[in-house]
Every structure is written in structure tokens, then in C-alpha cells.
Amino acid sequence: DPVVGVLALQGDVAEHLSALAELGVLARPVRRPADLQDLDGIVLPGGESTTICRLLDVFGLRAPLRDRLTAGLPAFGSCAGMIVLAREILDGRPDQRPLGVLDAVVRRNAFGRQVDSFETDLAVAGLEGPVRAVFIRAPWIEQAGPDVQVLASVAGHPVAVRQGSVLATSFHPEIAGDLRLHRMFLDVIADSTRPLGR
Ligand code: GLN
């Protein structure tokens, strides 16, 4: 069975841990570089990406995490987690540095102040029937590289993507009670550990 970490610096860590536990996965919080050992995948939760990016440096996690991710450790970022994975952030703090493992330019708080948060039923490629998607001060993808597969869009902007072993959503599957995106992440993990699956 896969062991999946949840980056536990800030944000809705508990929600991801319980979503994974509900799927029967061994899930554990990641706070220190040593916690990255023996993981088969890692979730980057929603929260506040400026804080998470800063704490990656405070906790000495930035380089070891980026090394694991570039070596192929599967990752699933939701909302702030998508921002942290991206190559470039628009409307970020000037000193905010993402990990750069998802070939995408992500705009923070992209839906504007009037629509701080909203829910919608979203068609997601590969899933049968719409996903109840909760957006909270959510980013969208402004520009995606050629290897980025768009799984869902809102108003023409990608809000769910996959690039190899990296999965990212602008919305929060961990708080909507629909576990299909987490299950999709487990499929990504299975793909990446299968010898010929890469
Ligand atoms: N607006 C937040 C950020 O920029 C993301 C919000 C969220 O994760 N719900 O990090």
C-alpha cells in the first residue's frame, strides 16, 4: 500500500489526511526533511501559498522536497498547493518563490474579490459525472506548458491539470467529500511505481 505524505506547514492538512485515510492509504504529515523518506507521494494542501513558500525555507524543506519531486515523487497540489508547485506566480508576493515542478504560470486569487469563493459542478476529464468543486480565493492557470494536460477549466482557464506525476487543482477536493480526485492521485502514484509505467 502506498504511503502518502501531506505537507504540514500550514493549511488544510487534516482534511487531506482524513481524505487519504478514508481511501485506506497510510497518510502522514511532513514537516521535516526526514519525513520525506519512504514516501510514495505527497499532497500540498490548500491554505496560504505565501506562508507555505516561506515555511519551506524556514523548515529547510525546499531543496529536499524539490529534489524528490524532480526525481519523480508524485505530487498533488490543491489551491495554494497548486501555486507552490508552479513554475511562475502572478500576483504573488514579490519574494514568493514556488517550487517550479509544474510547467505552468499560475495567477493567485484569480477569480477576483467579488467572487472570493464559490462552488460549482465541474466536468473533470477521466471522471464520470461532475465533481463538486469548492473554490476559495482560488488561483487559475494562466499559461501551461506543452506537457501539461488540462483536466478541467472554468471560463476558459485551466483549474485541474496533470503533468506526468504532478496533479493540481485550483479547488479543494479535500473539503467537498468527493474523493475521486484523491483516488486519481493514487492512480498517478500507481502509474509512477509500475516499472514500465513512466
Ligand atoms: N489565495 C491563497 C493563496 O494565494 C490560496 C487559497 C486557498 O488555498 N484556498 O495561497
# chains A, B, ... in the order shown; residues from 1 in each chain; ligands from 1
>>> residues_around(residues="Leu20 of chain A", least_positions_apart="3", cutoff="12 Å", atoms="only C-alpha atoms", output="PyMOL selection string")
chain A and resi 1-6+13-17+23-29+41-43+76+173-174+177-186
>>> residues_around(residues="segment 156-160 of chain A", least_positions_apart="5", cutoff="6 Å", atoms="only C-alpha atoms", output="ChimeraX atom specification")
/A:140-141,151,168-170
>>> select_by_dssp(residues="chain A", states="strand (DSSP E or B)", output="PyMOL selection string")
chain A and resi 3-7+26-30+41-44+75-78+86-90+102-107+117-122+131-136+140-144+149-154+157-163+166-169
>>> closest_atom_pairs(of="chain A", to="ligand 1", cutoff="8 Å", atoms="only C-alpha atoms and all ligand atoms", output="JSON lines")
{"residue": "A:Gly11", "atom": "CA", "partner": "ligand 1", "partner_atom_place_in_ligand_line": "8 (O)", "distance": 7.3}
{"residue": "A:Pro45", "atom": "CA", "partner": "ligand 1", "partner_atom_place_in_ligand_line": "8 (O)", "distance": 7.2}
{"residue": "A:Gly46", "atom": "CA", "partner": "ligand 1", "partner_atom_place_in_ligand_line": "8 (O)", "distance": 3.5}
{"residue": "A:Gly47", "atom": "CA", "partner": "ligand 1", "partner_atom_place_in_ligand_line": "8 (O)", "distance": 3.8}
{"residue": "A:Glu48", "atom": "CA", "partner": "ligand 1", "partner_atom_place_in_ligand_line": "10 (O)", "distance": 3.5}
{"residue": "A:Ser49", "atom": "CA", "partner": "ligand 1", "partner_atom_place_in_ligand_line": "10 (O)", "distance": 3.3}
{"residue": "A:Thr50", "atom": "CA", "partner": "ligand 1", "partner_atom_place_in_ligand_line": "10 (O)", "distance": 5.8}
{"residue": "A:Thr51", "atom": "CA", "partner": "ligand 1", "partner_atom_place_in_ligand_line": "10 (O)", "distance": 7.7}
{"residue": "A:Ile52", "atom": "CA", "partner": "ligand 1", "partner_atom_place_in_ligand_line": "10 (O)", "distance": 7.9}
{"residue": "A:Ser78", "atom": "CA", "partner": "ligand 1", "partner_atom_place_in_ligand_line": "8 (O)", "distance": 6.9}
{"residue": "A:Cys79", "atom": "CA", "partner": "ligand 1", "partner_atom_place_in_ligand_line": "8 (O)", "distance": 4.2}
{"residue": "A:Ala80", "atom": "CA", "partner": "ligand 1", "partner_atom_place_in_ligand_line": "8 (O)", "distance": 3.8}
{"residue": "A:Gly81", "atom": "CA", "partner": "ligand 1", "partner_atom_place_in_ligand_line": "8 (O)", "distance": 6.9}
{"residue": "A:Ile83", "atom": "CA", "partner": "ligand 1", "partner_atom_place_in_ligand_line": "10 (O)", "distance": 6.8}
{"residue": "A:Gly92", "atom": "CA", "partner": "ligand 1", "partner_atom_place_in_ligand_line": "4 (O)", "distance": 7.2}
{"residue": "A:Arg108", "atom": "CA", "partner": "ligand 1", "partner_atom_place_in_ligand_line": "4 (O)", "distance": 5.0}
{"residue": "A:Asn109", "atom": "CA", "partner": "ligand 1", "partner_atom_place_in_ligand_line": "1 (N)", "distance": 5.1}
{"residue": "A:Phe135", "atom": "CA", "partner": "ligand 1", "partner_atom_place_in_ligand_line": "9 (N)", "distance": 6.8}
{"residue": "A:Ile136", "atom": "CA", "partner": "ligand 1", "partner_atom_place_in_ligand_line": "9 (N)", "distance": 4.4}
{"residue": "A:Arg137", "atom": "CA", "partner": "ligand 1", "partner_atom_place_in_ligand_line": "1 (N)", "distance": 4.5}
{"residue": "A:Ala138", "atom": "CA", "partner": "ligand 1", "partner_atom_place_in_ligand_line": "6 (C)", "distance": 5.2}
{"residue": "A:Pro139", "atom": "CA", "partner": "ligand 1", "partner_atom_place_in_ligand_line": "5 (C)", "distance": 6.7}
{"residue": "A:Ser170", "atom": "CA", "partner": "ligand 1", "partner_atom_place_in_ligand_line": "8 (O)", "distance": 7.9}
{"residue": "A:Phe171", "atom": "CA", "partner": "ligand 1", "partner_atom_place_in_ligand_line": "9 (N)", "distance": 7.4}
{"residue": "A:His172", "atom": "CA", "partner": "ligand 1", "partner_atom_place_in_ligand_line": "9 (N)", "distance": 7.2}
>>> residues_around(residues="Arg132 of chain A", least_positions_apart="2", cutoff="7 Å", atoms="only C-alpha atoms", output="PyMOL selection string")
chain A and resi 119-122+130+134+176
>>> residues_around(residues="segment 54-66 of chain A", least_positions_apart="2", cutoff="10 Å", atoms="only C-alpha atoms", output="PyMOL selection string")
chain A and resi 7-10+30-36+42+49-52+68-73+84-85+95-101
>>> write_last_selection(atoms="C-alpha atoms", output="PDB file, in the first residue's frame")
ATOM      1  CA  LEU A   7       2.999  18.833   3.599  1.00  0.00           C
ATOM      2  CA  ALA A   8       2.070  20.059   7.074  1.00  0.00           C
ATOM      3  CA  LEU A   9       3.445  23.596   7.292  1.00  0.00           C
ATOM      4  CA  GLN A  10       0.121  25.438   7.055  1.00  0.00           C
ATOM      5  CA  VAL A  30       5.554  16.100   6.506  1.00  0.00           C
ATOM      6  CA  ARG A  31       7.303  18.846   8.477  1.00  0.00           C
ATOM      7  CA  ARG A  32      10.981  17.975   8.312  1.00  0.00           C
ATOM      8  CA  PRO A  33      13.262  16.680   5.540  1.00  0.00           C
ATOM      9  CA  ALA A  34      13.428  13.277   7.271  1.00  0.00           C
ATOM     10  CA  ASP A  35       9.654  12.947   6.864  1.00  0.00           C
ATOM     11  CA  LEU A  36      10.179  12.714   3.083  1.00  0.00           C
ATOM     12  CA  ILE A  42       2.957  13.898  -1.346  1.00  0.00           C
ATOM     13  CA  SER A  49       0.796  29.928  -0.511  1.00  0.00           C
ATOM     14  CA  THR A  50       2.896  32.897   0.638  1.00  0.00           C
ATOM     15  CA  THR A  51       3.127  31.349   4.121  1.00  0.00           C
ATOM     16  CA  ILE A  52       3.797  27.846   2.805  1.00  0.00           C
ATOM     17  CA  ARG A  68      12.332  14.386  -4.552  1.00  0.00           C
ATOM     18  CA  LEU A  69       9.754  15.947  -6.872  1.00  0.00           C
ATOM     19  CA  THR A  70      12.151  16.367  -9.785  1.00  0.00           C
ATOM     20  CA  ALA A  71      13.220  12.747  -9.228  1.00  0.00           C
ATOM     21  CA  GLY A  72       9.585  11.779  -9.858  1.00  0.00           C
ATOM     22  CA  LEU A  73       7.872  11.677  -6.452  1.00  0.00           C
ATOM     23  CA  VAL A  84       3.534  26.235  -4.636  1.00  0.00           C
ATOM     24  CA  LEU A  85       4.155  23.617  -7.374  1.00  0.00           C
ATOM     25  CA  ASP A  95       9.640  37.428  -2.530  1.00  0.00           C
ATOM     26  CA  GLN A  96       7.364  34.420  -3.045  1.00  0.00           C
ATOM     27  CA  ARG A  97       9.237  31.558  -4.704  1.00  0.00           C
ATOM     28  CA  PRO A  98       7.414  28.468  -5.948  1.00  0.00           C
ATOM     29  CA  LEU A  99       8.980  25.015  -6.381  1.00  0.00           C
ATOM     30  CA  GLY A 100       8.811  25.099 -10.169  1.00  0.00           C
ATOM     31  CA  VAL A 101       7.900  21.469 -10.822  1.00  0.00           C
TER      32      VAL A 101
END
>>> select_by_dssp(residues="segment 79-154 of chain A", states="alpha helix (DSSP H)", output="list in words")
Ala80, Gly81, Met82, Ile83, Val84 and Leu85 of chain A
>>> write_last_selection(atoms="N, CA and C atoms", output="short mmCIF file (atom, residue, chain, number, x, y, z; two decimals), in the first residue's frame")
data_model
loop_
_atom_site.label_atom_id
_atom_site.label_comp_id
_atom_site.auth_asym_id
_atom_site.auth_seq_id
_atom_site.Cartn_x
_atom_site.Cartn_y
_atom_site.Cartn_z
N ALA A 80 -3.67 26.52 -2.86
CA ALA A 80 -2.33 27.03 -2.53
C ALA A 80 -1.26 26.03 -2.95
N GLY A 81 -1.56 24.73 -2.85
CA GLY A 81 -0.60 23.69 -3.24
C GLY A 81 -0.26 23.76 -4.72
N MET A 82 -1.26 24.10 -5.54
CA MET A 82 -1.01 24.27 -6.98
C MET A 82 -0.05 25.44 -7.21
N ILE A 83 -0.26 26.52 -6.45
CA ILE A 83 0.60 27.70 -6.58
C ILE A 83 2.04 27.35 -6.20
N VAL A 84 2.20 26.59 -5.12
CA VAL A 84 3.53 26.24 -4.64
C VAL A 84 4.27 25.36 -5.65
N LEU A 85 3.54 24.52 -6.40
CA LEU A 85 4.16 23.62 -7.37
C LEU A 85 4.56 24.33 -8.67
#
>>> atom_distance(atom1="atom CA of Leu39 of chain A", atom2="atom CA of Pro74 of chain A")
9.3 Å
>>> atom_distance(atom1="atom CA of Leu167 of chain A", atom2="atom CA of Pro94 of chain A")
25.6 Å
>>> closest_residue(among="A:Val161, A:Ser153, A:Thr193, A:Ile175", to="Asp12 of chain A", atoms="only C-alpha atoms")
A:Ile175
>>> closest_residue(among="A:Ala110, A:Leu90, A:Ala152, A:Ala190", to="Leu127 of chain A", atoms="only C-alpha atoms")
A:Ala152
>>> atom_distance(atom1="atom CA of Gly145 of chain A", atom2="atom CA of Arg87 of chain A")
9.9 Å
